[in-house]
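Undergrad: Sending over final.txt (compact mmCIF, C-alpha atoms and all ligand atoms).
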# COMPACT_ATOMS: atom_id res chain seq x y z
CA MET A 266 -0.95 22.66 -17.58
CA ARG A 267 -2.14 19.14 -18.24
CA LYS A 268 -5.86 18.95 -17.37
CA THR A 269 -5.59 15.58 -15.62
CA VAL A 270 -2.98 17.06 -13.27
CA MET A 271 -5.00 20.18 -12.52
CA GLU A 272 -7.99 18.03 -11.67
CA MET A 273 -6.02 15.55 -9.53
CA PRO A 274 -7.24 15.63 -5.92
CA PRO A 275 -4.68 16.05 -3.14
CA PHE A 276 -3.70 13.12 -0.94
CA TYR A 277 -5.59 14.37 2.14
CA VAL A 278 -3.54 12.30 4.59
CA MET A 279 -0.55 14.44 3.66
CA GLU A 280 -2.54 17.59 4.40
CA VAL A 281 -3.47 16.20 7.85
CA LEU A 282 0.20 15.34 8.41
CA GLU A 283 1.38 18.78 7.33
CA ARG A 284 -1.09 20.48 9.72
CA ALA A 285 0.00 18.07 12.48
CA GLN A 286 3.62 19.08 11.94
CA GLU A 287 2.65 22.75 12.09
CA LEU A 288 0.90 22.14 15.44
CA GLU A 289 3.98 20.29 16.69
CA ARG A 290 6.15 23.26 15.78
CA GLN A 291 3.82 25.35 17.97
CA GLY A 292 4.56 22.97 20.86
CA ARG A 293 1.45 20.72 20.69
CA SER A 294 1.81 17.00 21.29
CA ILE A 295 0.32 14.98 18.43
CA ILE A 296 -0.15 11.20 18.23
CA HIS A 297 0.37 10.16 14.64
CA LEU A 298 -2.08 7.50 13.54
CA GLU A 299 -2.41 8.93 10.04
CA VAL A 300 0.82 7.99 8.30
CA GLY A 301 1.22 4.73 6.43
CA GLN A 302 4.69 3.72 7.38
CA PRO A 303 6.20 1.38 9.97
CA ASP A 304 7.72 3.17 12.95
CA PHE A 305 10.39 0.44 13.22
CA PRO A 306 13.98 1.22 12.28
CA THR A 307 15.17 -0.50 9.12
CA PRO A 308 16.71 -3.83 10.24
CA ASN A 309 20.47 -3.76 10.86
CA CYS A 310 21.36 -6.42 8.28
CA ILE A 311 19.85 -4.15 5.60
CA LYS A 312 21.68 -1.05 6.81
CA LYS A 313 24.97 -2.99 6.96
CA ALA A 314 24.56 -4.10 3.35
CA ALA A 315 24.04 -0.48 2.32
CA GLU A 316 27.15 0.62 4.23
CA LYS A 317 29.13 -2.15 2.56
CA ALA A 318 27.87 -1.07 -0.87
CA ILE A 319 29.04 2.49 -0.21
CA LYS A 320 32.45 1.32 1.10
CA GLU A 321 32.90 -0.87 -1.96
CA GLU A 322 32.10 2.07 -4.26
CA LYS A 323 28.90 0.51 -5.56
CA THR A 324 27.56 3.99 -6.09
CA HIS A 325 27.04 4.26 -9.85
CA TYR A 326 24.15 3.41 -12.16
CA THR A 327 23.01 -0.18 -12.39
CA ALA A 328 21.38 -1.59 -15.51
CA SER A 329 18.02 0.13 -16.00
CA VAL A 330 16.17 -3.09 -15.17
CA GLY A 331 18.13 -3.39 -11.91
CA LEU A 332 20.86 -5.60 -10.45
CA LEU A 333 20.66 -9.17 -11.66
CA GLU A 334 21.47 -10.39 -8.12
CA LEU A 335 18.41 -8.55 -6.75
CA ARG A 336 16.12 -9.74 -9.56
CA GLU A 337 17.30 -13.30 -8.87
CA ALA A 338 16.62 -12.86 -5.17
CA ILE A 339 13.08 -11.60 -5.92
CA ALA A 340 12.40 -14.57 -8.23
CA GLU A 341 13.72 -17.01 -5.58
CA TYR A 342 11.59 -15.33 -2.92
CA TYR A 343 8.40 -15.81 -4.96
CA LEU A 344 9.34 -19.43 -5.72
CA GLU A 345 9.95 -20.20 -2.07
CA LYS A 346 6.95 -18.30 -0.72
CA HIS A 347 4.30 -18.88 -3.37
CA GLY A 348 5.69 -21.78 -5.44
CA VAL A 349 5.59 -19.65 -8.60
CA SER A 350 8.38 -19.69 -11.08
CA PHE A 351 9.41 -16.86 -13.39
CA SER A 352 12.65 -15.70 -14.91
CA PRO A 353 14.65 -12.91 -13.20
CA ASN A 354 14.36 -11.26 -16.63
CA GLN A 355 10.67 -10.69 -15.86
CA VAL A 356 11.57 -8.49 -12.90
CA ILE A 357 12.25 -4.78 -13.26
CA VAL A 358 13.54 -2.96 -10.19
CA THR A 359 12.00 0.48 -9.55
CA ASN A 360 12.19 3.36 -7.09
CA GLY A 361 9.32 2.01 -4.98
CA SER A 362 6.02 0.42 -5.81
CA SER A 363 4.51 3.80 -6.77
CA PRO A 364 6.67 4.13 -9.91
CA ALA A 365 6.11 0.39 -10.46
CA LEU A 366 2.34 0.96 -10.61
CA MET A 367 2.69 3.99 -12.84
CA MET A 368 4.94 2.06 -15.23
CA ILE A 369 2.53 -0.87 -15.36
CA PHE A 370 -0.43 1.38 -16.14
CA SER A 371 1.67 3.23 -18.74
CA VAL A 372 2.51 0.11 -20.76
CA LEU A 373 -0.88 -1.52 -20.31
CA LEU A 374 -3.45 1.23 -20.83
CA GLU A 375 -4.55 3.05 -23.97
CA THR A 376 -6.52 6.30 -23.79
CA GLY A 377 -10.14 5.59 -22.88
CA ASP A 378 -9.56 2.19 -21.29
CA GLU A 379 -11.37 1.30 -18.09
CA VAL A 380 -9.72 -0.08 -14.96
CA ILE A 381 -11.76 -1.78 -12.26
CA LEU A 382 -10.92 -0.75 -8.69
CA SER A 383 -12.42 -1.57 -5.33
CA ASP A 384 -14.02 1.24 -3.32
CA PRO A 385 -12.45 1.75 -0.76
CA HIS A 386 -9.11 1.65 -2.57
CA TYR A 387 -5.58 3.00 -2.15
CA ALA A 388 -5.92 6.71 -2.87
CA CYS A 389 -3.44 6.93 -5.74
CA TYR A 390 -4.86 4.24 -8.08
CA PRO A 391 -7.68 6.29 -9.65
CA ASN A 392 -5.43 9.33 -9.89
CA MET A 393 -2.84 7.35 -11.86
CA VAL A 394 -5.54 5.90 -14.12
CA ARG A 395 -7.11 9.31 -14.80
CA PHE A 396 -3.68 10.86 -15.42
CA LEU A 397 -3.38 8.48 -18.39
CA ASP A 398 -6.79 9.61 -19.72
CA CYS A 399 -8.41 6.36 -18.68
CA THR A 400 -11.43 5.74 -16.47
CA PRO A 401 -11.55 4.06 -13.07
CA VAL A 402 -14.66 1.93 -12.55
CA PHE A 403 -15.48 1.29 -8.91
CA VAL A 404 -16.85 -1.80 -7.22
CA LYS A 405 -18.24 -0.98 -3.79
CA GLY A 406 -17.30 -3.15 -0.85
CA ASN A 407 -19.44 -3.70 2.24
CA GLU A 408 -18.32 -3.09 5.78
CA SER A 409 -20.17 -6.22 6.91
CA ASP A 410 -17.68 -8.52 5.15
CA GLY A 411 -14.60 -6.37 5.74
CA PHE A 412 -14.92 -4.65 2.33
CA ARG A 413 -14.26 -7.85 0.41
CA PHE A 414 -13.49 -7.26 -3.30
CA ASN A 415 -16.21 -9.56 -4.59
CA PRO A 416 -15.53 -11.42 -7.88
CA GLU A 417 -19.25 -11.50 -8.81
CA ASP A 418 -19.53 -7.73 -8.39
CA ILE A 419 -16.36 -7.23 -10.45
CA LYS A 420 -17.79 -9.42 -13.22
CA GLU A 421 -20.85 -7.19 -13.48
CA ARG A 422 -18.69 -4.13 -14.12
CA ILE A 423 -16.59 -5.71 -16.89
CA GLY A 424 -17.36 -4.17 -20.29
CA PRO A 425 -15.75 -3.85 -23.75
CA LYS A 426 -13.36 -1.14 -22.52
CA THR A 427 -12.17 -2.97 -19.37
CA ARG A 428 -8.41 -3.44 -19.63
CA ALA A 429 -7.44 -4.30 -16.07
CA ILE A 430 -8.57 -5.15 -12.57
CA VAL A 431 -6.44 -3.84 -9.70
CA ILE A 432 -6.22 -5.92 -6.54
CA ASN A 433 -4.40 -5.13 -3.32
CA SER A 434 -4.23 -7.90 -0.72
CA PRO A 435 -3.61 -7.25 2.14
CA ALA A 436 -5.37 -3.99 1.41
CA ASN A 437 -4.88 -0.39 2.29
CA PRO A 438 -7.09 1.03 3.89
CA THR A 439 -9.19 -1.96 5.00
CA GLY A 440 -6.64 -4.63 5.95
CA HIS A 441 -8.74 -7.06 3.90
CA LEU A 442 -7.09 -10.26 2.68
CA LEU A 443 -8.36 -11.97 -0.48
CA ASP A 444 -8.64 -15.72 -0.03
CA ALA A 445 -7.36 -18.22 -2.60
CA GLN A 446 -10.82 -18.81 -4.07
CA ALA A 447 -11.47 -15.09 -4.65
CA MET A 448 -8.01 -14.64 -6.22
CA ARG A 449 -8.64 -17.62 -8.52
CA GLU A 450 -12.02 -16.24 -9.58
CA ILE A 451 -10.68 -12.74 -10.22
CA ALA A 452 -7.81 -14.23 -12.26
CA SER A 453 -10.32 -16.11 -14.44
CA LEU A 454 -12.50 -13.11 -15.29
CA GLY A 455 -10.46 -12.17 -18.39
CA PRO A 456 -8.96 -8.68 -17.93
CA THR A 457 -5.31 -8.43 -16.94
CA VAL A 458 -4.89 -8.32 -13.16
CA VAL A 459 -2.58 -5.72 -11.63
CA SER A 460 -1.74 -7.01 -8.16
CA ASP A 461 -0.30 -4.56 -5.66
CA GLU A 462 1.51 -6.89 -3.23
CA ILE A 463 3.22 -4.19 -1.17
CA TYR A 464 1.70 -5.40 2.13
CA HIS A 465 2.80 -9.01 1.65
CA GLY A 466 4.56 -10.28 4.75
CA LEU A 467 2.34 -8.22 7.08
CA VAL A 468 -0.42 -10.74 7.74
CA TYR A 469 -1.90 -11.72 11.13
CA GLU A 470 -4.73 -14.10 10.21
CA GLY A 471 -4.77 -16.31 7.12
CA LYS A 472 -2.22 -16.25 4.31
CA GLU A 473 -1.55 -13.82 1.51
CA HIS A 474 -1.47 -15.10 -2.05
CA SER A 475 0.28 -13.79 -5.13
CA ILE A 476 -1.80 -13.37 -8.28
CA LEU A 477 0.96 -15.32 -10.09
CA GLU A 478 -0.28 -18.48 -8.33
CA TYR A 479 -3.42 -18.24 -10.48
CA THR A 480 -2.59 -16.58 -13.81
CA ASP A 481 0.24 -15.34 -16.04
CA ASN A 482 -2.03 -12.60 -17.39
CA ALA A 483 -0.97 -10.35 -14.54
CA PHE A 484 1.47 -7.75 -13.33
CA VAL A 485 2.78 -7.59 -9.78
CA ALA A 486 3.79 -4.27 -8.23
CA SER A 487 5.56 -4.60 -4.94
CA GLY A 488 8.42 -3.25 -2.90
CA PHE A 489 10.42 -3.07 0.26
CA SER A 490 8.77 -0.07 1.98
CA LYS A 491 6.36 -1.80 4.31
CA GLN A 492 7.47 -5.27 5.41
CA PHE A 493 11.13 -4.28 5.67
CA ALA A 494 10.46 -0.79 7.12
CA MET A 495 12.26 0.79 4.17
CA THR A 496 9.89 3.57 3.05
CA GLY A 497 12.69 6.10 2.60
CA TRP A 498 14.94 3.76 0.63
CA ARG A 499 12.59 3.96 -2.38
CA LEU A 500 12.88 0.42 -3.66
CA GLY A 501 10.25 -1.63 -5.44
CA TYR A 502 9.71 -3.80 -8.50
CA VAL A 503 7.44 -4.92 -11.29
CA ILE A 504 6.99 -8.57 -12.25
CA ALA A 505 5.58 -8.62 -15.77
CA PRO A 506 4.74 -10.99 -18.64
CA GLU A 507 7.77 -11.35 -20.98
CA ARG A 508 6.30 -9.30 -23.83
CA TYR A 509 6.05 -6.21 -21.62
CA ILE A 510 9.64 -6.30 -20.40
CA ARG A 511 11.19 -4.39 -23.29
CA PRO A 512 8.57 -1.58 -23.12
CA LEU A 513 9.01 -1.36 -19.34
CA GLN A 514 12.78 -1.25 -19.75
CA LYS A 515 12.42 1.66 -22.19
CA LEU A 516 10.20 3.54 -19.71
CA MET A 517 12.72 2.93 -16.96
CA GLN A 518 15.60 4.18 -19.17
CA ASN A 519 13.76 7.31 -20.24
CA PHE A 520 12.01 8.29 -17.02
CA PHE A 521 14.24 7.09 -14.18
CA ILE A 522 17.53 5.65 -15.62
CA ALA A 523 17.62 3.04 -12.83
CA ALA A 524 16.64 2.50 -9.20
CA ASN A 525 18.95 3.63 -6.38
CA THR A 526 22.05 1.40 -6.47
CA ILE A 527 22.77 1.39 -2.73
CA SER A 528 19.15 0.53 -1.95
CA GLN A 529 19.32 -2.34 -4.44
CA TRP A 530 22.24 -3.93 -2.61
CA ALA A 531 20.39 -3.38 0.66
CA GLY A 532 17.30 -5.01 -0.89
CA ILE A 533 19.22 -8.24 -1.49
CA ALA A 534 20.05 -8.39 2.23
CA ALA A 535 16.41 -7.62 3.06
CA ILE A 536 15.19 -10.65 1.12
CA ARG A 537 17.96 -13.02 2.15
CA GLU A 538 18.57 -12.01 5.79
CA ALA A 539 15.75 -9.95 7.30
CA GLY A 540 13.18 -12.76 7.78
CA PRO A 541 13.60 -12.89 11.60
CA ASP A 542 13.29 -9.08 11.82
CA VAL A 543 10.07 -9.15 9.79
CA ARG A 544 8.63 -11.90 12.00
CA ARG A 545 9.41 -9.84 15.10
CA MET A 546 7.76 -6.73 13.61
CA VAL A 547 4.67 -8.73 12.64
CA GLU A 548 4.33 -10.04 16.20
CA ILE A 549 4.45 -6.51 17.58
CA LEU A 550 2.03 -5.16 14.95
CA ASN A 551 -0.41 -7.94 15.80
CA LYS A 552 -0.47 -6.85 19.46
CA ARG A 553 -1.10 -3.26 18.40
CA ARG A 554 -3.85 -4.40 16.02
CA LYS A 555 -5.71 -6.15 18.82
CA LEU A 556 -5.35 -3.17 21.14
CA ILE A 557 -6.50 -0.52 18.67
CA VAL A 558 -9.54 -2.52 17.48
CA GLU A 559 -10.65 -3.10 21.07
CA ARG A 560 -10.19 0.54 22.06
CA LEU A 561 -11.86 1.95 18.91
CA ARG A 562 -14.91 -0.25 19.46
CA LYS A 563 -15.18 0.88 23.09
CA ILE A 564 -14.99 4.52 22.06
CA GLY A 565 -17.92 4.07 19.66
CA PHE A 566 -16.26 3.51 16.29
CA GLY A 567 -17.52 0.56 14.26
CA VAL A 568 -15.07 -2.18 13.31
CA ALA A 569 -17.33 -4.86 11.84
CA VAL A 570 -14.51 -7.15 10.72
CA GLU A 571 -11.02 -7.11 12.17
CA PRO A 572 -8.30 -6.27 9.64
CA LYS A 573 -6.24 -9.34 8.68
CA GLY A 574 -3.15 -7.67 7.24
CA ALA A 575 -1.27 -4.40 6.53
CA PHE A 576 -1.42 -1.96 9.50
CA TYR A 577 -4.68 -0.05 9.18
CA VAL A 578 -8.18 -0.09 10.60
CA LEU A 579 -10.91 1.57 8.55
CA ALA A 580 -13.29 2.46 11.37
CA ASN A 581 -16.91 3.48 10.92
CA ALA A 582 -17.25 7.00 12.35
CA LYS A 583 -20.89 7.57 11.40
CA ASN A 584 -21.81 7.83 15.10
CA PHE A 585 -19.77 11.03 15.10
CA THR A 586 -19.82 12.49 11.59
CA ASP A 587 -20.83 12.30 7.95
CA ASP A 588 -17.89 14.46 6.85
CA SER A 589 -14.67 12.50 7.34
CA LEU A 590 -12.35 15.29 6.20
CA LYS A 591 -13.79 17.82 8.64
CA PHE A 592 -13.81 15.21 11.39
CA ALA A 593 -10.16 14.21 10.82
CA PHE A 594 -9.08 17.83 11.21
CA GLU A 595 -11.32 18.16 14.29
CA LEU A 596 -9.64 15.13 15.90
CA LEU A 597 -6.27 16.64 15.13
CA GLU A 598 -7.03 20.14 16.44
CA GLU A 599 -9.16 19.20 19.45
CA ALA A 600 -7.79 15.82 20.55
CA GLY A 601 -4.22 15.97 19.20
CA VAL A 602 -4.64 12.73 17.21
CA GLY A 603 -3.75 12.48 13.53
CA ALA A 604 -6.01 10.16 11.50
CA THR A 605 -6.86 9.84 7.81
CA PRO A 606 -10.27 10.82 6.43
CA GLY A 607 -12.05 7.95 4.70
CA ILE A 608 -12.79 10.17 1.69
CA ASP A 609 -9.12 9.73 0.69
CA PHE A 610 -10.00 6.15 -0.22
CA GLY A 611 -13.16 6.64 -2.28
CA ARG A 612 -16.75 7.83 -1.91
CA ASN A 613 -17.73 4.54 -0.31
CA ALA A 614 -15.31 5.27 2.54
CA GLU A 615 -16.96 8.59 3.44
CA GLY A 616 -18.05 8.43 7.08
CA TYR A 617 -14.99 6.31 7.96
CA ILE A 618 -11.63 7.17 9.45
CA ARG A 619 -8.45 5.19 8.82
CA PHE A 620 -6.21 4.64 11.81
CA SER A 621 -2.71 3.32 11.27
CA TYR A 622 -1.35 1.12 14.05
CA ALA A 623 2.23 1.42 12.87
CA ASN A 624 2.95 3.27 16.09
CA SER A 625 4.00 2.09 19.57
CA ILE A 626 1.57 0.50 22.06
CA GLU A 627 2.23 3.49 24.36
CA ASN A 628 1.38 6.05 21.67
CA ILE A 629 -1.68 4.11 20.51
CA SER A 630 -2.91 3.97 24.13
CA VAL A 631 -2.40 7.72 24.65
CA GLY A 632 -4.10 8.43 21.29
CA MET A 633 -7.10 6.29 22.23
CA ASP A 634 -7.32 7.94 25.69
CA ARG A 635 -7.38 11.34 24.02
CA LEU A 636 -10.09 10.29 21.53
CA GLU A 637 -12.17 8.74 24.28
CA ARG A 638 -12.02 11.87 26.42
CA TYR A 639 -12.67 14.28 23.57
CA LEU A 640 -15.52 12.35 21.96
CA ALA A 641 -17.24 11.80 25.31
CA SER A 642 -17.22 15.55 25.97
CA ARG A 643 -18.22 16.59 22.44
C1 LIG A 701 -1.46 0.04 -1.36
C2 LIG A 701 -0.20 0.81 -1.55
N1 LIG A 701 0.47 0.69 -2.70
C3 LIG A 701 1.61 1.37 -2.93
C4 LIG A 701 2.13 2.23 -1.98
C5 LIG A 701 3.38 2.98 -2.28
O1 LIG A 701 4.48 2.47 -1.61
P1 LIG A 701 5.99 2.72 -2.05
O2 LIG A 701 5.99 3.63 -3.24
O3 LIG A 701 6.67 3.29 -0.87
O4 LIG A 701 6.53 1.36 -2.43
C6 LIG A 701 1.47 2.39 -0.76
C7 LIG A 701 1.97 3.33 0.26
O5 LIG A 701 1.34 3.65 1.24
C8 LIG A 701 0.27 1.66 -0.54
O6 LIG A 701 -0.41 1.76 0.61
Would you mind writing the file's structure down as structure tokens?
TA:
Amino acid sequence: MRKTVMEMPPFYVMEVLERAQELERQGRSIIHLEVGQPDFPTPNCIKKAAEKAIKEEKTHYTASVGLLELREAIAEYYLEKHGVSFSPNQVIVTNGSSPALMMIFSVLLETGDEVILSDPHYACYPNMVRFLDCTPVFVKGNESDGFRFNPEDIKERIGPKTRAIVINSPANPTGHLLDAQAMREIASLGPTVVSDEIYHGLVYEGKEHSILEYTDNAFVASGFSKQFAMTGWRLGYVIAPERYIRPLQKLMQNFFIAANTISQWAGIAAIREAGPDVRRMVEILNKRRKLIVERLRKIGFGVAVEPKGAFYVLANAKNFTDDSLKFAFELLEEAGVGATPGIDFGRNAEGYIRFSYANSIENISVGMDRLERYLASR
């Protein structure tokens, strides 16, 4: 078996979730604050577009790069939202942002290249980089400034083998939002920037920026999972410099053929019609964000800086533990609350627990009551 696969660590959040489901089968009540997906139903306008696509027999392969109508809608969306202009031909539709990231790394990286990542970071980035026999290089963030991905610290880690810098704003697991100045500085450092924009649209304070506002030497990976509550539809995209389009198209043809046709038609409706639904979801998420931060602080977790986007809080649990994996399972077994161990997101996140607030106010309140009671009696 390929060595890089054998050595790949598991995604611990999934192991917490699987144990939680086992407990539920035994009749236990579990509050799920571990999973990274909106609890909202997919908006009706999106579901209707999918139904229409099925009725109209739009159920066969699309072009491997995706439906032109969807690629046009994505280009228009970026023009309207960020004032950046690119051709629909620079967009390749994928089965989610995960394949989008893997395709970007596959066309960009050569064996032995280095990729700069923040620590904490989304769990899968270093695993994808290592799978391609490349090396992740980590830049530690500090809790005191909300784990900001600092351009000066990135600069210090750039060397002859650095091929790319990965940014993710708003970020999983910290909820950090890079401001325009930081984005501009990162864009000017030299290496190609891979910008994971999957949490765009889910912002409560400040404004998210696209890397394309600052440089053309960049790839965007994004998708419909989070802001449109479409995790199961598996729809995402790459926006790439022109010269990479043909190689990306060949990867798409060989590995995936094309993205799901019905989801692509639904994606057009998401971009063109679901704005009011997204605004409503953001309002609700913001209320949950305020509640969970307040409750976590009262219980004794540290939240130095409030998250500005996405739907996670990376809470300092060092009052309770120095082993986040053991602690996450303890919270699950003893308090009936699912949470993600910080270690999933890098060594620098050990001692932290990620709570997702993509759950109802009622469930968050019950979850916090349970944690409060359990930790007080521990
Ligand atoms: C930062 C980040 N990028 C990418 C993904 C993958 O999303 P999807 O493949 O559903 O588009 C996730 C999912 O949690 C994520 O948090």
Undergrad: Could you pull out the residues sitting within 9 Å of ligand LIG 701 (chain A), using only C-alpha atoms and all ligand atoms, and write them as an MDAnalysis selection string?
TA: chainID A and resid 300:302 360:366 386:390 433:438 461:464 486:491 495:502 575
Undergrad: Produce the centre coordinates and the three edge lengths, each in Å to one decimal, of the box along x, y and z that contains all listed atoms of stretch 564-573 of chain A with 4 Å added on each side, as JSON.
TA:
{"center_x": -12.1, "center_y": -2.4, "center_z": 15.4, "size_x": 19.7, "size_y": 21.9, "size_z": 21.4}
Undergrad: I need the residue nearest A:Ser460 from this list: A:Phe396, A:Val558, A:Ile430, A:Thr439. Use only C-alpha atoms for the distance.
TA: A:Ile430
Undergrad: Have a look at A:Ile557, A:Ile432, A:Leu513, A:Val602 and name the one nearest to A:Ala580; count only C-alpha atoms.
TA: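 Between A:Ile557, A:Ile432, A:Leu513, A:Val602, the residue approaching A:Ala580 most closely is A:Ile557.
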Undergrad: Looking at A:Asn525, A:Thr376, A:Thr307, A:Thr586, which one is nearest to A:Thr400, with distances taken over all atoms listed in the file?
TA: A:Thr376
Undergrad: Need the shell around A:Ser528: protein/DNA/RNA residues with any atom at most 9 Å away, counting all atoms listed in the file. Skip same-chain ones fewer than 2 positions apart. Format as a PyMOL selection string?
TA: chain A and resi 311+314-315+318+498-500+524-526+530-533
